[in-house]
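Some notes on the structure that comes next.
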Amino acid sequence: MANSEFMKFVEITKRLRKECPWDKEQTHASIRHSLIEEVYEVVEAIDQNDSEELKNELGDLLLHIIFHANIAEEEKTFTLKDVIDGISRKLIRRHPHIYGEVKVDGSETVKQNWERLKMEEGRESLMDGVPKELPALLRAHRLTDRASTVGFDWEKKEEAWKKVEEEMRELHHAIERGRQEEVEGEFGDLLFGLVNYARFINVNPEIALRQTVEKFIARFQYIERRLKEMGKDIHSSSLEEMDTLWEEAKTRT
């Protein structure tokens, strides 16, 4: 049943590609931004623990995957079968503890083996393969995590935190010197240090910051609602009034 439904879906996408004027015009590049948006919508559904929305967004994402494969097939560069065969071979190759004789003692060993196997597949650096388009916090997290698989890491979280404190001091000194380019560099170093420390306390910095942003939005919108209920305009309200409502919002969000 699943296979027949999948092939029916593929045929629908191919028909759209042939008969819909808009679909016919699209290229890999023209729908690139939409693909990125769909991925973020999947992530948002996961964050909201919304299974119904996740189901819908996964469908939208699948549409993009099939659509890109259809375009490639028309260009005679690869086919959907090539995509599926490629990922199947990769999963088997990178799980020798499942499909081979390799023994592992936990997820950390699996992760180390995964990075080693990627290098054997032709990558020249552990830093290769982390997309530049990723949000900077997430990219930094991925890169430091990869470096840690070969032992390039602090031994204890206390050492990582000392580096954060060092970067904070250097940022303050840069601010005192008044050199904007240096300030920006030191601020980046501080963020990078915090991202590195986050690994030691099992925090994904991208997810953590996204949650904080959503919390800020909810609390600020609470202030807006309460001021409106009180017949006041936020643009003419005092900081003291807004601070009071902020503290009130904290007890509700």
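Here's how to read the names in the structure tokens: chain A, B, ... by the order shown, residue numbers from 1 in each chain, ligand numbers from 1 in the order shown.
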
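By only C-alpha atoms, and with residues fewer than 5 positions from A:Ile46 along its chain excluded, the set lying at most 12 Å from it is Val39, Tyr40, Glu41, Ser51, Glu52, Glu53, Leu54, Lys55, Asn56, Glu57, Leu58 and Ile207 of chain A.
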
For stretch 94-193 of chain A versus stretch 13-37 of chain A, which residues have an atom no more than 12 Å away, and what is each residue's nearest atom pair and distance in Å rounded to one decimal, using only C-alpha atoms, chain-then-number order, as JSON lines?
{"residue": "A:Glu133", "atom": "CA", "partner": "A:Ile36", "partner_atom": "CA", "distance": 9.6}
{"residue": "A:Leu134", "atom": "CA", "partner": "A:Ile36", "partner_atom": "CA", "distance": 10.0}
{"residue": "A:Pro135", "atom": "CA", "partner": "A:Ile36", "partner_atom": "CA", "distance": 11.6}

Exercise for review: In Å, rounded to a single decimal, give me how far atom CA of A:His64 is from atom CA of A:Asp50.
Suggested key: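 So the answer is 21.1 Å.
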
Exercise for review: Write out as number ranges by chain the residues lying within 9 Å of A:His141, counting only C-alpha atoms and excluding same-chain residues fewer than 4 positions away.
Suggested key: A: 136-137, 145-146, 192, 195-196, 198-199, 204-206

Study note, to complete from the structure: Separating atom CA of A:Phe78 from atom CA of A:Leu62, to the nearest tenth of an Å, is a gap of 17.3 Å

**Study point:** Counting only C-alpha atoms, the residue of A:Asp189, A:Asp233, A:Asp60, A:Glu224 that sits nearest A:Leu245
**Key:** A:Glu224

Exercise for review: Using only C-alpha atoms, determine which residues lie at most 9 Å from A:Arg93, disregarding the query and same-chain residues fewer than 6 positions distant; provide the list as a list in words.
Suggested key: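 Returned residues: Tyr99, Gly100 and Leu117 of chain A.
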
Point to revise | Pick from A:Val183, A:Leu61, A:Leu194, A:Glu165 nearest to A:Ala208, counting only C-alpha atoms | key: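 Of all the options, A:Leu194 lies closest to A:Ala208.
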
Point to revise | d(atom CA of A:Val102, atom CA of A:Arg116) in Å | key: 13.3 Å

Practice item. Return as a PyMOL selection string the full set of residues in stretch 4-219 of chain A whose backbone-based DSSP assignment is alpha helix (DSSP H). Key: chain A and resi 4-19+21-25+32-47+51-74+80-93+96-99+107-120+136-148+157-177+180-200+205-219

Study note, to complete from the structure: In terms of only C-alpha atoms, the residue from A:Asp47, A:Gly193, A:Gly178, A:Glu120 at minimal distance from A:Val164 is A:Gly193

Check your understanding: What lies within 9 Å of stretch 5-10 of chain A using only C-alpha atoms, ignoring chain neighbours under 2 positions off, as a list in words?
Key -> Met1, Ala2, Asn3, Ile12, Thr13, Lys14, Arg15, Leu63, Ile66, Phe67 and Asn70 of chain A

Serialized selection, C-alpha atoms, as a PDB file, in the first residue's frame:
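Produced file again04.pdb, reproduced below:
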ATOM      1  CA  MET A   1       0.000   0.000   0.000  1.00  0.00           C
ATOM      2  CA  ALA A   2       2.725   2.486   0.986  1.00  0.00           C
ATOM      3  CA  ASN A   3       4.657   1.834  -2.221  1.00  0.00           C
ATOM      4  CA  ILE A  12       0.991  13.550  -9.571  1.00  0.00           C
ATOM      5  CA  THR A  13       4.161  15.647  -9.312  1.00  0.00           C
ATOM      6  CA  LYS A  14       5.233  14.641 -12.817  1.00  0.00           C
ATOM      7  CA  ARG A  15       1.854  15.597 -14.245  1.00  0.00           C
ATOM      8  CA  LEU A  63       6.967  17.390  -2.490  1.00  0.00           C
ATOM      9  CA  ILE A  66      10.411  14.688  -5.429  1.00  0.00           C
ATOM     10  CA  PHE A  67      10.141  17.903  -7.447  1.00  0.00           C
ATOM     11  CA  ASN A  70      11.928  15.275 -11.328  1.00  0.00           C
TER      12      ASN A  70
END
